[in-house]
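Source file: final_15.cif. Holds: mmCIF, C-alpha atoms.
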```cif
data_my_file
loop_
_atom_site.label_atom_id
_atom_site.label_comp_id
_atom_site.auth_asym_id
_atom_site.auth_seq_id
_atom_site.Cartn_x
_atom_site.Cartn_y
_atom_site.Cartn_z
CA MET V 5 15.08 30.83 -41.47
CA GLU V 6 13.11 27.97 -42.90
CA GLU V 7 15.33 24.97 -43.55
CA LEU V 8 14.67 22.83 -46.61
CA ASP V 9 15.94 19.34 -47.26
CA ARG V 10 17.45 19.49 -50.71
CA PRO V 11 17.58 16.37 -52.88
CA ALA V 12 20.47 14.07 -52.07
CA ALA V 13 23.78 14.68 -53.82
CA VAL V 14 25.75 11.52 -54.21
CA ALA V 15 29.47 11.80 -53.49
CA VAL V 16 32.08 10.32 -55.83
CA LYS V 17 33.66 7.24 -54.31
CA GLN V 18 37.39 7.45 -53.63
CA SER V 19 37.99 4.46 -55.86
CA GLY V 20 36.35 6.36 -58.68
CA ILE V 21 38.53 9.46 -58.63
CA PRO V 22 38.81 10.61 -62.24
CA LYS V 23 41.94 11.38 -64.16
CA TYR V 24 42.96 15.00 -64.46
CA ASN V 25 40.53 17.14 -66.44
CA GLU V 26 37.93 14.34 -66.63
CA CYS V 27 34.50 14.43 -65.05
CA ALA V 28 33.06 12.05 -62.48
CA LYS V 29 29.29 12.26 -62.71
CA ALA V 30 26.70 11.74 -59.98
CA PRO V 31 22.89 12.15 -60.09
CA ARG V 32 22.22 15.79 -60.86
CA VAL V 33 20.16 18.25 -58.83
CA ASP V 34 19.30 21.37 -60.83
CA PRO V 35 19.26 24.76 -59.10
CA LYS V 36 15.75 26.07 -58.61
CA SER V 37 16.51 29.41 -60.31
CA GLY V 38 19.25 31.74 -61.40
CA SER V 39 18.73 34.07 -58.47
CA PRO V 40 21.64 35.08 -56.20
CA MET V 41 22.56 32.50 -53.59
CA LEU V 42 25.08 32.25 -50.78
CA LEU V 43 27.48 29.45 -50.04
CA LEU V 44 28.08 29.52 -46.28
CA SER V 45 31.08 27.81 -44.68
CA ARG V 46 30.18 27.32 -41.05
CA GLU V 47 32.63 26.80 -38.21
CA GLU V 48 30.63 23.69 -37.37
CA ARG V 49 28.32 21.48 -39.46
CA GLY V 50 30.02 22.25 -42.75
CA ILE V 51 28.62 23.85 -45.90
CA ARG V 52 25.13 25.18 -46.43
CA LEU V 53 23.48 26.98 -49.36
CA CYS V 54 21.15 29.86 -48.73
CA LYS V 55 18.67 32.10 -50.53
CA PRO V 56 18.60 35.00 -48.06
CA ASP V 57 15.80 36.93 -49.77
CA GLU V 58 13.54 33.91 -49.32
CA ASP V 59 14.86 32.99 -45.86
CA MET V 60 15.66 29.47 -47.01
CA PHE V 61 18.56 27.15 -46.25
CA TYR V 62 19.55 24.13 -48.31
CA GLU V 63 21.47 21.45 -46.45
CA MET V 64 24.30 19.73 -48.29
CA THR V 65 24.17 15.96 -48.05
CA THR V 66 27.66 15.57 -49.49
CA ASP V 67 30.37 15.81 -46.84
CA PHE V 68 32.59 18.74 -47.75
CA SER V 69 34.56 18.75 -44.51
CA GLY V 70 38.21 19.37 -45.26
CA TYR V 71 37.36 21.34 -48.41
CA ARG V 72 37.89 25.06 -48.85
CA PHE V 73 35.83 26.84 -51.49
CA LEU V 74 38.02 29.29 -53.37
CA ALA V 75 35.90 30.72 -56.19
CA SER V 76 32.77 30.15 -58.26
CA SER V 77 31.42 30.41 -61.78
CA GLY V 78 27.72 29.70 -62.11
CA LYS V 79 26.98 26.47 -60.23
CA TRP V 80 30.65 25.43 -60.28
CA PHE V 81 33.13 25.98 -57.46
CA LEU V 82 36.89 25.72 -57.35
CA VAL V 83 37.85 23.85 -54.17
CA VAL V 84 41.01 22.62 -52.47
CA ASP V 85 40.87 19.57 -50.18
CA SER V 86 42.90 18.60 -47.12
CA ARG V 87 45.54 16.97 -49.37
CA SER V 88 45.97 20.22 -51.33
CA ASP V 89 44.32 18.73 -54.43
CA LEU V 90 42.17 21.01 -56.57
CA TYR V 91 38.74 20.17 -58.01
CA ILE V 92 35.93 21.93 -59.83
CA ILE V 93 32.64 20.83 -58.25
CA ASP V 94 28.99 21.34 -59.18
CA VAL V 95 27.45 21.87 -55.73
CA PHE V 96 24.01 20.80 -56.94
CA SER V 97 24.96 17.43 -58.42
CA ASP V 98 28.46 16.76 -57.01
CA GLU V 99 29.77 16.30 -60.54
CA ARG V 100 33.45 17.11 -60.29
CA ILE V 101 36.56 17.63 -62.35
CA ARG V 102 39.89 16.71 -60.84
CA LEU V 103 42.57 19.25 -61.70
CA PRO V 104 46.32 18.69 -62.14
CA PRO V 105 48.41 18.71 -58.96
CA LEU V 106 49.93 22.05 -58.00
CA GLU V 107 53.44 20.67 -58.51
CA SER V 108 52.72 19.90 -62.18
CA ILE V 109 53.48 23.50 -63.19
CA LYS V 110 56.08 23.69 -65.97
CA GLY V 111 57.28 25.58 -69.00
CA GLY V 112 57.93 28.86 -67.22
CA LEU V 113 60.12 30.54 -64.64
CA TYR V 114 59.15 28.48 -61.60
CA MET V 115 59.28 24.90 -60.36
CA VAL V 116 56.99 23.63 -57.60
CA GLU V 117 57.78 20.58 -55.48
CA ARG V 118 55.50 19.03 -52.89
CA VAL V 119 57.32 18.71 -49.55
CA GLY V 120 54.33 17.91 -47.33
CA SER V 121 50.58 17.43 -47.39
CA ASN V 122 50.04 21.17 -47.76
CA GLU V 123 53.54 22.55 -48.20
CA PHE V 124 55.35 23.23 -51.47
CA LYS V 125 58.85 24.36 -52.32
CA VAL V 126 58.81 27.05 -55.01
CA THR V 127 62.07 27.63 -56.90
CA LEU V 128 62.90 30.26 -59.51
CA ILE V 129 64.68 28.31 -62.27
CA ARG V 130 65.39 31.15 -64.69
CA GLY V 131 66.45 34.76 -64.47
CA ILE V 132 68.89 36.81 -62.44
CA PHE V 133 67.76 35.27 -59.13
CA ASN V 134 67.93 31.72 -60.48
CA GLY V 135 67.88 29.18 -57.65
CA SER V 136 66.10 31.32 -55.04
CA CYS V 137 63.35 29.37 -53.33
CA SER V 138 60.68 29.55 -50.64
CA VAL V 139 58.27 27.16 -48.92
CA GLN V 140 54.60 27.93 -49.48
CA THR V 141 51.48 26.52 -47.89
CA THR V 142 47.96 26.11 -49.26
CA LYS V 143 46.41 27.50 -46.07
CA TYR V 144 45.81 30.82 -47.81
CA LEU V 145 45.73 29.57 -51.40
CA ARG V 146 43.60 31.87 -53.52
CA GLY V 147 41.82 30.99 -56.74
CA LEU V 148 39.67 32.15 -59.63
CA LEU V 149 37.34 30.15 -61.87
CA TRP V 150 35.47 30.62 -65.11
CA VAL V 151 33.32 27.91 -66.71
CA ASP V 152 31.51 28.15 -70.03
CA ASP V 153 28.20 26.35 -69.44
CA LYS V 154 27.61 26.03 -73.19
CA ASN V 155 30.63 23.90 -74.06
CA GLY V 156 32.25 23.05 -70.73
CA ASP V 157 35.44 25.02 -71.32
CA PHE V 158 37.02 26.40 -68.17
CA VAL V 159 39.94 28.40 -66.82
CA VAL V 160 41.46 28.00 -63.35
CA VAL V 161 43.86 30.51 -61.78
CA TRP V 162 45.53 30.17 -58.37
CA GLN V 163 48.21 31.82 -56.26
CA PHE V 164 50.11 30.95 -53.10
CA GLU V 165 50.07 33.54 -50.32
CA GLU V 166 52.38 36.38 -51.34
CA GLY V 167 53.38 34.22 -54.31
CA GLN V 168 55.59 35.48 -57.12
CA PHE V 169 53.41 34.05 -59.88
CA LEU V 170 49.90 32.96 -60.79
CA GLY V 171 49.34 29.37 -61.91
CA PHE V 172 46.68 28.65 -64.52
CA CYS V 173 45.27 25.85 -66.63
CA LYS V 174 42.42 25.37 -69.08
CA LYS V 175 40.22 22.46 -70.08
CA GLY V 176 42.37 19.68 -71.51
CA ASP V 177 45.60 20.79 -69.83
CA LEU V 178 47.54 18.20 -67.82
CA HIS V 179 49.70 20.78 -66.07
CA TYR V 180 49.71 24.42 -65.03
CA ARG V 181 51.63 27.28 -66.56
CA ASP V 182 52.94 30.22 -64.57
CA ILE V 183 52.26 33.94 -65.00
CA PRO V 184 55.13 35.85 -63.35
CA ILE V 185 54.04 38.96 -61.46
CA ARG V 186 57.47 40.34 -60.51
CA VAL V 187 60.33 38.69 -62.41
CA ASP V 188 60.51 39.33 -66.17
CA VAL V 189 57.57 41.76 -66.01
CA ARG V 190 57.52 45.38 -67.16
CA ARG V 191 58.03 47.66 -64.16
CA GLU V 192 54.59 49.30 -64.37
CA PHE V 193 52.89 45.90 -64.24
CA ARG V 194 54.78 44.28 -61.36
CA GLY V 195 53.04 43.06 -58.22
CA LEU V 196 49.42 42.23 -57.54
CA LYS V 197 46.72 43.82 -55.39
CA ASP V 198 43.63 42.29 -56.95
CA VAL V 199 42.73 40.17 -59.97
CA VAL V 200 39.54 39.31 -61.88
CA LEU V 201 38.92 36.49 -64.35
CA LYS V 202 36.23 37.12 -66.96
CA GLY V 203 36.17 34.45 -69.63
CA TYR V 204 39.69 34.06 -71.01
CA ASN V 205 40.58 37.59 -69.89
CA LEU V 206 42.59 38.14 -66.72
CA TYR V 207 42.65 41.67 -65.29
CA SER V 208 45.10 42.58 -62.53
CA LEU V 209 45.33 45.66 -60.35
CA VAL V 210 49.09 45.82 -59.78
CA THR V 211 51.20 47.47 -57.09
CA ARG V 212 51.58 50.76 -59.00
CA SER V 213 47.79 50.78 -59.59
CA PHE V 214 47.93 50.10 -63.31
CA ILE V 215 45.70 47.51 -64.95
CA ARG V 216 47.46 44.51 -66.48
CA HIS V 217 45.31 42.67 -69.03
CA LEU V 218 46.20 39.14 -70.15
CA ASP V 219 44.55 36.97 -72.80
CA LEU V 220 44.58 33.28 -71.75
CA SER V 221 42.80 31.90 -74.82
CA GLY V 222 45.90 30.89 -76.79
CA GLN V 223 47.43 27.43 -76.97
CA ASP V 224 50.90 28.55 -75.90
CA GLY V 225 50.31 30.22 -72.58
CA PHE V 226 49.16 33.82 -72.21
CA LYS V 227 49.41 37.02 -74.22
CA ASP V 228 49.83 40.43 -72.60
CA VAL V 229 47.30 42.76 -74.24
CA SER V 230 47.64 45.58 -71.71
CA VAL V 231 47.32 49.11 -72.95
CA ILE V 232 50.61 51.00 -72.62
CA PRO V 233 50.09 52.73 -69.27
CA ARG V 234 49.98 56.47 -68.81
CA PHE V 235 47.54 56.88 -65.96
CA PRO V 236 47.30 54.54 -62.96
CA MET V 237 44.02 53.82 -61.19
CA TRP V 238 44.42 56.35 -58.37
CA LYS V 239 41.37 57.54 -56.50
CA PRO V 240 40.74 61.32 -56.52
CA TYR V 241 42.60 63.24 -53.83
CA THR V 242 39.67 65.49 -53.01
CA PRO V 243 38.86 64.94 -49.31
CA ARG V 244 35.30 64.09 -48.48
CA VAL V 245 33.24 62.97 -45.52
CA ASP V 246 32.20 59.35 -45.60
CA PHE V 247 28.44 59.19 -46.02
CA GLY V 248 26.72 58.24 -42.76
CA VAL V 249 29.91 58.50 -40.66
CA THR V 250 29.50 61.57 -38.44
CA GLU V 251 32.34 61.00 -35.97
CA ILE V 252 35.86 59.64 -35.87
CA LYS V 253 35.77 55.85 -35.75
CA LYS V 254 38.33 53.08 -35.89
CA VAL V 255 38.79 51.61 -39.34
CA ILE V 256 38.78 47.81 -39.11
CA SER V 257 38.82 46.82 -42.78
CA PHE V 258 39.46 48.49 -46.14
CA SER V 259 40.54 47.61 -49.66
CA ASP V 260 40.93 48.74 -53.26
CA SER V 261 39.60 46.15 -55.70
CA ILE V 262 38.58 46.00 -59.33
CA ALA V 263 35.47 44.82 -61.13
CA VAL V 264 34.83 44.31 -64.83
CA THR V 265 31.50 45.38 -66.31
CA THR V 266 29.43 43.56 -68.89
CA SER V 267 30.99 45.85 -71.54
CA GLY V 268 34.56 45.11 -70.41
CA GLU V 269 35.23 48.39 -68.59
CA VAL V 270 37.43 48.07 -65.49
CA LEU V 271 36.12 49.82 -62.36
CA LEU V 272 37.94 50.59 -59.12
CA VAL V 273 35.92 49.63 -56.04
CA PHE V 274 36.87 50.95 -52.61
CA THR V 275 35.28 49.71 -49.40
CA LYS V 276 35.92 50.53 -45.76
CA ALA V 277 34.38 49.29 -42.52
CA TYR V 278 34.34 51.05 -39.17
CA GLU V 279 34.02 49.99 -35.57
CA PRO V 280 31.57 49.61 -33.91
CA PHE V 281 29.98 47.53 -36.60
CA CYS V 282 26.43 48.61 -37.46
CA GLU V 283 24.22 49.46 -40.42
CA ARG V 284 26.14 52.60 -41.42
CA SER V 285 29.60 51.35 -40.56
CA ARG V 286 30.56 50.30 -44.11
CA ILE V 287 31.01 52.51 -47.14
CA PHE V 288 31.58 51.78 -50.82
CA ARG V 289 32.98 53.98 -53.55
CA VAL V 290 33.01 53.01 -57.25
CA TYR V 291 35.29 54.85 -59.69
CA LYS V 292 35.81 54.80 -63.44
CA ARG V 293 38.07 56.62 -65.87
CA ASP V 294 36.77 59.79 -67.42
CA PRO V 295 38.74 60.23 -70.68
CA LYS V 296 37.53 63.82 -71.05
CA GLU V 297 39.23 64.80 -67.81
CA LEU V 298 42.63 63.21 -68.44
CA ASP V 299 45.48 65.72 -68.51
CA PRO V 300 48.07 64.70 -71.16
CA ASN V 301 50.77 66.79 -69.45
CA THR V 302 50.64 65.09 -66.04
CA TYR V 303 50.75 61.62 -64.52
CA ASP V 304 47.40 62.13 -62.82
CA THR V 305 44.52 59.71 -63.21
CA ARG V 306 41.35 61.74 -62.80
CA LEU V 307 39.11 58.88 -61.90
CA VAL V 308 35.55 59.99 -61.26
CA GLU V 309 33.19 58.53 -58.71
CA MET V 310 30.13 56.83 -60.13
CA GLU V 311 26.78 57.73 -58.66
CA SER V 312 25.22 54.82 -60.51
CA ILE V 313 26.20 51.70 -62.44
CA GLY V 314 22.81 51.70 -64.12
CA ASP V 315 20.80 48.56 -64.68
CA GLU V 316 23.58 46.27 -63.49
CA ALA V 317 24.60 44.64 -60.22
CA LEU V 318 28.20 44.24 -59.05
CA PHE V 319 29.09 40.94 -57.39
CA PHE V 320 32.19 41.71 -55.35
CA ASP V 321 33.11 38.04 -54.84
CA LEU V 322 33.12 37.47 -58.61
CA GLY V 323 34.65 40.81 -59.59
CA ILE V 324 32.08 41.36 -62.34
CA THR V 325 28.80 43.09 -63.04
CA VAL V 326 25.74 41.32 -64.43
CA PRO V 327 22.46 42.64 -65.83
CA ALA V 328 19.87 43.32 -63.17
CA ASP V 329 16.82 41.07 -63.26
CA HIS V 330 13.90 41.67 -60.93
CA THR V 331 12.41 38.26 -61.70
CA LEU V 332 15.58 36.62 -60.38
CA GLY V 333 16.00 39.04 -57.50
CA ILE V 334 19.14 40.71 -58.92
CA GLU V 335 18.80 44.31 -57.79
CA PRO V 336 19.97 47.10 -60.12
CA ASN V 337 22.68 49.58 -59.17
CA SER V 338 23.76 47.40 -56.26
CA ILE V 339 26.86 45.75 -54.82
CA TYR V 340 26.56 42.19 -53.47
CA PHE V 341 29.23 41.84 -50.81
CA THR V 342 30.59 39.33 -48.28
CA ARG V 343 34.25 40.28 -47.56
CA ASN V 344 36.96 42.50 -48.99
CA ASP V 345 39.90 40.08 -49.26
CA ARG V 346 38.57 37.43 -51.61
CA PHE V 347 41.77 37.29 -53.63
CA GLY V 348 43.92 39.75 -51.72
CA HIS V 349 45.90 37.92 -49.07
CA LYS V 350 45.36 37.77 -45.36
CA ASN V 351 46.85 40.63 -43.35
CA ILE V 352 47.03 39.62 -39.70
CA SER V 353 46.89 43.27 -38.64
CA ILE V 354 43.52 43.71 -40.39
CA PRO V 355 41.04 40.97 -39.40
CA CYS V 356 38.83 39.43 -42.03
CA LEU V 357 35.30 40.73 -41.59
CA ILE V 358 32.45 38.75 -43.11
CA ASP V 359 29.69 41.23 -43.83
CA ILE V 360 26.93 39.77 -45.99
CA CYS V 361 24.99 42.65 -47.49
CA VAL V 362 23.60 44.35 -50.58
CA TYR V 363 24.57 48.01 -51.02
CA ASN V 364 22.55 50.40 -53.17
CA ILE V 365 24.92 52.85 -54.87
CA ALA V 366 22.34 55.56 -55.56
CA THR V 367 20.72 55.69 -52.11
CA ARG V 368 23.89 54.60 -50.23
CA THR V 369 21.85 52.26 -48.11
CA ILE V 370 22.78 48.76 -46.97
CA LYS V 371 20.49 45.76 -46.78
CA ARG V 372 21.61 43.03 -44.41
CA PHE V 373 19.96 39.74 -43.49
CA PRO V 374 19.19 39.44 -39.76
CA SER V 375 18.57 35.71 -40.03
CA LEU V 376 22.25 35.22 -40.87
CA SER V 377 23.58 37.28 -37.98
CA ASN V 378 23.77 34.43 -35.47
CA LEU V 379 25.61 32.00 -37.73
CA LYS V 380 29.25 31.34 -36.91
CA LEU V 381 30.85 31.54 -40.35
CA LYS V 382 34.37 30.94 -41.57
CA ASP V 383 33.52 32.18 -45.04
CA ALA V 384 30.65 33.18 -47.31
CA GLN V 385 30.31 33.74 -51.05
CA TRP V 386 27.60 35.09 -53.31
CA PHE V 387 27.19 33.04 -56.47
CA LEU V 388 24.82 32.91 -59.43
CA PRO V 389 23.74 29.33 -60.20
CA SER V 390 23.49 28.78 -63.94
#
```
Here is the file; what I need is its structure written in the form of structure tokens.
Amino acid sequence: MEELDRPAAVAVKQSGIPKYNECAKAPRVDPKSGSPMLLLSREERGIRLCKPDEDMFYEMTTDFSGYRFLASSGKWFLVVDSRSDLYIIDVFSDERIRLPPLESIKGGLYMVERVGSNEFKVTLIRGIFNGSCSVQTTKYLRGLLWVDDKNGDFVVVWQFEEGQFLGFCKKGDLHYRDIPIRVDVRREFRGLKDVVLKGYNLYSLVTRSFIRHLDLSGQDGFKDVSVIPRFPMWKPYTPRVDFGVTEIKKVISFSDSIAVTTSGEVLLVFTKAYEPFCERSRIFRVYKRDPKELDPNTYDTRLVEMESIGDEALFFDLGITVPADHTLGIEPNSIYFTRNDRFGHKNISIPCLIDICVYNIATRTIKRFPSLSNLKLKDAQWFLPS
């Protein structure tokens, strides 16, 4: 790939760390376009931005060593540093917003206390199991981010590994609130397999495969606006041969995830990877509800597989679809993918597999980027600079 020296991004001095929810501004570098880009976390030499379709790298002059990039919204990224502090950072200008400390959470069922640089004691302070506690680490902290580029509003959501709640805050908040996922939650909506943040709307795929829908726009926490469940998001039982897989192979990675379309419809996205890893060793399936096929006398779901998502592209890392745009290089009816456990937590029995590709749903073909194959990556994320 051709490497480009991008304009310098000036880091915020430690003495100038802003107060919570305030911005520290540095000279701005505007993204060159709104086309899809990759943020690559290398095992050595830190962070690099990439436009794979143009075979171009953009070196980061700001030192992001010790930072882990959790999620993105436009040009903004939610990051956690080596001290377990959270920030929202514009990767093009290094403008940043310092977020409240994780232990600031209050007003709900849980209390969080810092007991080390990256360890926290989580205690249930209300309910039948009042007083039960566990020690959590930020090693596998997961996060979601949404930023409104028009007015600067934002929402941040995070969760400890196998945590019993989601923490969230919005612009102007000085502390987090909790969203319980097991205690004090209707049985159908307990647990968490995947979650998507789209604006002030939080969509969760829960353990029983129902969709929990929360509205985070209010001033007093969240409001559950879930539809009373009758049919969980179960894939059809009809057996089928995976396209392109002609022999029995070892499955090395798989997941059920959700994505929210531009119209607000929730899709179920299944992906599976086989060994040995090659062009046809990954499959995708996209499902939606078909109301005409729902049987009112059973507890069946009757999801139908989609042969097309039309003139939209699904960004798996973001959990959303966006309108296709040939001028920006956003391909229609495609899935932009890097890994299948973006919010789902690490399972040591199933290794994380970074697989940067674009999958065409109609033709069931995969486009990969050979110039990226030799990079030693810890992580990678597609994002859409605003």
#### Entry: Hits from the PyMOL selection byres ((chain V and resi 315) around 12), listed as number ranges by chain
V: 265-266, 312-314, 316-318, 325-330, 334-339, 364-366
Could you list, as an mmCIF file with C-alpha atoms, in the coordinates of the input, every residue within 10 Å of V:Arg146, counting all atoms listed in the file and ignoring same-chain residues fewer than 5 positions away?
```
data_model
loop_
_atom_site.group_PDB
_atom_site.id
_atom_site.type_symbol
_atom_site.label_atom_id
_atom_site.label_comp_id
_atom_site.auth_asym_id
_atom_site.auth_seq_id
_atom_site.Cartn_x
_atom_site.Cartn_y
_atom_site.Cartn_z
ATOM 1 C CA PHE V 73 35.830 26.840 -51.490
ATOM 2 C CA LEU V 74 38.020 29.290 -53.370
ATOM 3 C CA ALA V 75 35.900 30.720 -56.190
ATOM 4 C CA LEU V 82 36.890 25.720 -57.350
ATOM 5 C CA VAL V 83 37.850 23.850 -54.170
ATOM 6 C CA VAL V 84 41.010 22.620 -52.470
ATOM 7 C CA VAL V 161 43.860 30.510 -61.780
ATOM 8 C CA TRP V 162 45.530 30.170 -58.370
ATOM 9 C CA GLN V 163 48.210 31.820 -56.260
ATOM 10 C CA PHE V 164 50.110 30.950 -53.100
ATOM 11 C CA GLU V 165 50.070 33.540 -50.320
ATOM 12 C CA LEU V 170 49.900 32.960 -60.790
ATOM 13 C CA ASP V 345 39.900 40.080 -49.260
ATOM 14 C CA ARG V 346 38.570 37.430 -51.610
ATOM 15 C CA PHE V 347 41.770 37.290 -53.630
ATOM 16 C CA GLY V 348 43.920 39.750 -51.720
ATOM 17 C CA HIS V 349 45.900 37.920 -49.070
#
```
### Query
If you apply the PyMOL selection byres ((chain V and resi 124) around 10) to this file, what residues do you get, as a list of chain:residue names?
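So the PyMOL selection byres ((chain V and resi 124) around 10), applied here, picks out V:Ser88, V:Leu106, V:Glu107, V:Met115, V:Val116, V:Glu117, V:Arg118, V:Val119, V:Gly120, V:Ser121, V:Asn122, V:Glu123, V:Lys125, V:Val126, V:Thr127, V:Ser138, V:Val139, V:Gln140, V:Thr141, V:Thr142, V:Phe164.
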#### Entry: Which of V:Tyr114, V:Tyr340, V:Phe258, V:Phe158 sits closest to V:Ile185 [using only C-alpha atoms]
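Checking each of V:Tyr114, V:Tyr340, V:Phe258, V:Phe158 against V:Ile185, counting only C-alpha atoms, the winner is V:Tyr114.
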### Message
Starting from the PyMOL selection byres ((chain V and resi 222) around 12), expand the selection into actual residues of this file and give them as a ChimeraX atom specification.
### Response
/V:159,173-174,204-205,218-221,223-228
### Test item: which residues lie within 12 Å of (36.5, 40.2, -51.5) counting all atoms listed in the file, as an NGL selection string
:V and (74-75 or 146-148 or 197-200 or 257-263 or 273-276 or 318-324 or 339-350 or 356-360 or 383-386)
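Note that atom CA of V:Asp152 and atom CA of V:Trp80 are 10.2 Å apart.
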### Query
For the atom pair atom CA of V:Ile101 and atom CA of V:Lys202, what is the interatomic distance in Å to one decimal place?
20.0 Å
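With atom CA of V:Ser108 on one side and atom CA of V:Asp89 on the other, the separation reads 11.5 Å.
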### Task
Point out the residue among V:Arg130, V:Lys143, V:Lys110, V:Lys154 with the least atom-to-atom distance to V:Leu178, counting all atoms listed in the file.
V:Lys110
### Query
Which one of V:Asn155, V:Ser69, V:Thr367, V:Ser390 sits closest to V:Glu48 if you count only C-alpha atoms?
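With only C-alpha atoms as the atom set, the closest residue is V:Ser69.
With only C-alpha atoms as the atoms that count, the minimum distance from V:Val210 to the choices V:Leu376, V:Met64, V:Met237, V:Val255 is reached by V:Met237.
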### Message
Taking all atoms listed in the file into account, name the residue in V:Asp182, V:Asp188, V:Asp153, V:Asp94 that is nearest to V:Gly203.
### Response
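Nearest candidate to V:Gly203 out of V:Asp182, V:Asp188, V:Asp153, V:Asp94: V:Asp153.
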With a distance cut-off of 8 Å and only C-alpha atoms, select the neighbouring residues of V:Ser375, excluding the residue or stretch itself and same-chain residues fewer than 2 positions from it, and output the selection as a CSV table (one decimal) with C-alpha atoms, in the coordinates of the input.
```
chain,number,residue,atom,x,y,z
V,5,MET,CA,15.1,30.8,-41.5
V,59,ASP,CA,14.9,33.0,-45.9
V,373,PHE,CA,20.0,39.7,-43.5
V,377,SER,CA,23.6,37.3,-38.0
V,378,ASN,CA,23.8,34.4,-35.5
```
Model the absent atoms of stretch 73-91 of chain V so that N, CA and C atoms are present, and write the result as a PDB file, in the frame of the given file.
```pdb
ATOM      1  N   PHE V  73      36.410  26.356 -50.238  1.00  0.00           N
ATOM      2  CA  PHE V  73      35.830  26.840 -51.490  1.00  0.00           C
ATOM      3  C   PHE V  73      36.493  28.158 -51.859  1.00  0.00           C
ATOM      4  N   LEU V  74      37.193  28.164 -52.992  1.00  0.00           N
ATOM      5  CA  LEU V  74      38.020  29.290 -53.370  1.00  0.00           C
ATOM      6  C   LEU V  74      37.311  30.294 -54.267  1.00  0.00           C
ATOM      7  N   ALA V  75      36.505  29.817 -55.206  1.00  0.00           N
ATOM      8  CA  ALA V  75      35.900  30.720 -56.190  1.00  0.00           C
ATOM      9  C   ALA V  75      34.735  29.995 -56.854  1.00  0.00           C
ATOM     10  N   SER V  76      33.919  30.754 -57.592  1.00  0.00           N
ATOM     11  CA  SER V  76      32.770  30.150 -58.260  1.00  0.00           C
ATOM     12  C   SER V  76      32.588  30.728 -59.649  1.00  0.00           C
ATOM     13  N   SER V  77      31.880  29.965 -60.475  1.00  0.00           N
ATOM     14  CA  SER V  77      31.420  30.410 -61.780  1.00  0.00           C
ATOM     15  C   SER V  77      30.126  29.669 -62.053  1.00  0.00           C
ATOM     16  N   GLY V  78      29.005  30.379 -62.000  1.00  0.00           N
ATOM     17  CA  GLY V  78      27.720  29.700 -62.110  1.00  0.00           C
ATOM     18  C   GLY V  78      27.526  28.742 -60.942  1.00  0.00           C
ATOM     19  N   LYS V  79      27.191  27.489 -61.264  1.00  0.00           N
ATOM     20  CA  LYS V  79      26.980  26.470 -60.230  1.00  0.00           C
ATOM     21  C   LYS V  79      28.271  25.771 -59.835  1.00  0.00           C
ATOM     22  N   TRP V  80      29.382  26.111 -60.489  1.00  0.00           N
ATOM     23  CA  TRP V  80      30.650  25.430 -60.280  1.00  0.00           C
ATOM     24  C   TRP V  80      31.511  26.179 -59.269  1.00  0.00           C
ATOM     25  N   PHE V  81      32.215  25.407 -58.435  1.00  0.00           N
ATOM     26  CA  PHE V  81      33.130  25.980 -57.460  1.00  0.00           C
ATOM     27  C   PHE V  81      34.510  25.354 -57.601  1.00  0.00           C
ATOM     28  N   LEU V  82      35.519  26.192 -57.462  1.00  0.00           N
ATOM     29  CA  LEU V  82      36.890  25.720 -57.350  1.00  0.00           C
ATOM     30  C   LEU V  82      37.172  25.456 -55.892  1.00  0.00           C
ATOM     31  N   VAL V  83      37.607  24.221 -55.554  1.00  0.00           N
ATOM     32  CA  VAL V  83      37.850  23.850 -54.170  1.00  0.00           C
ATOM     33  C   VAL V  83      39.233  23.226 -54.028  1.00  0.00           C
ATOM     34  N   VAL V  84      39.764  23.305 -52.806  1.00  0.00           N
ATOM     35  CA  VAL V  84      41.010  22.620 -52.470  1.00  0.00           C
ATOM     36  C   VAL V  84      40.700  21.739 -51.253  1.00  0.00           C
ATOM     37  N   ASP V  85      41.159  20.481 -51.287  1.00  0.00           N
ATOM     38  CA  ASP V  85      40.870  19.570 -50.180  1.00  0.00           C
ATOM     39  C   ASP V  85      42.028  19.525 -49.191  1.00  0.00           C
ATOM     40  N   SER V  86      41.905  18.669 -48.189  1.00  0.00           N
ATOM     41  CA  SER V  86      42.900  18.600 -47.120  1.00  0.00           C
ATOM     42  C   SER V  86      44.240  18.076 -47.598  1.00  0.00           C
ATOM     43  N   ARG V  87      44.281  17.467 -48.800  1.00  0.00           N
ATOM     44  CA  ARG V  87      45.540  16.970 -49.370  1.00  0.00           C
ATOM     45  C   ARG V  87      46.122  17.972 -50.376  1.00  0.00           C
ATOM     46  N   SER V  88      45.546  19.159 -50.418  1.00  0.00           N
ATOM     47  CA  SER V  88      45.970  20.220 -51.330  1.00  0.00           C
ATOM     48  C   SER V  88      45.742  19.859 -52.795  1.00  0.00           C
ATOM     49  N   ASP V  89      44.729  19.030 -53.061  1.00  0.00           N
ATOM     50  CA  ASP V  89      44.320  18.730 -54.430  1.00  0.00           C
ATOM     51  C   ASP V  89      43.179  19.659 -54.821  1.00  0.00           C
ATOM     52  N   LEU V  90      43.180  20.086 -56.070  1.00  0.00           N
ATOM     53  CA  LEU V  90      42.170  21.010 -56.570  1.00  0.00           C
ATOM     54  C   LEU V  90      41.120  20.274 -57.398  1.00  0.00           C
ATOM     55  N   TYR V  91      39.856  20.699 -57.238  1.00  0.00           N
ATOM     56  CA  TYR V  91      38.740  20.170 -58.010  1.00  0.00           C
ATOM     57  C   TYR V  91      37.835  21.321 -58.426  1.00  0.00           C
TER      58      TYR V  91
END
```
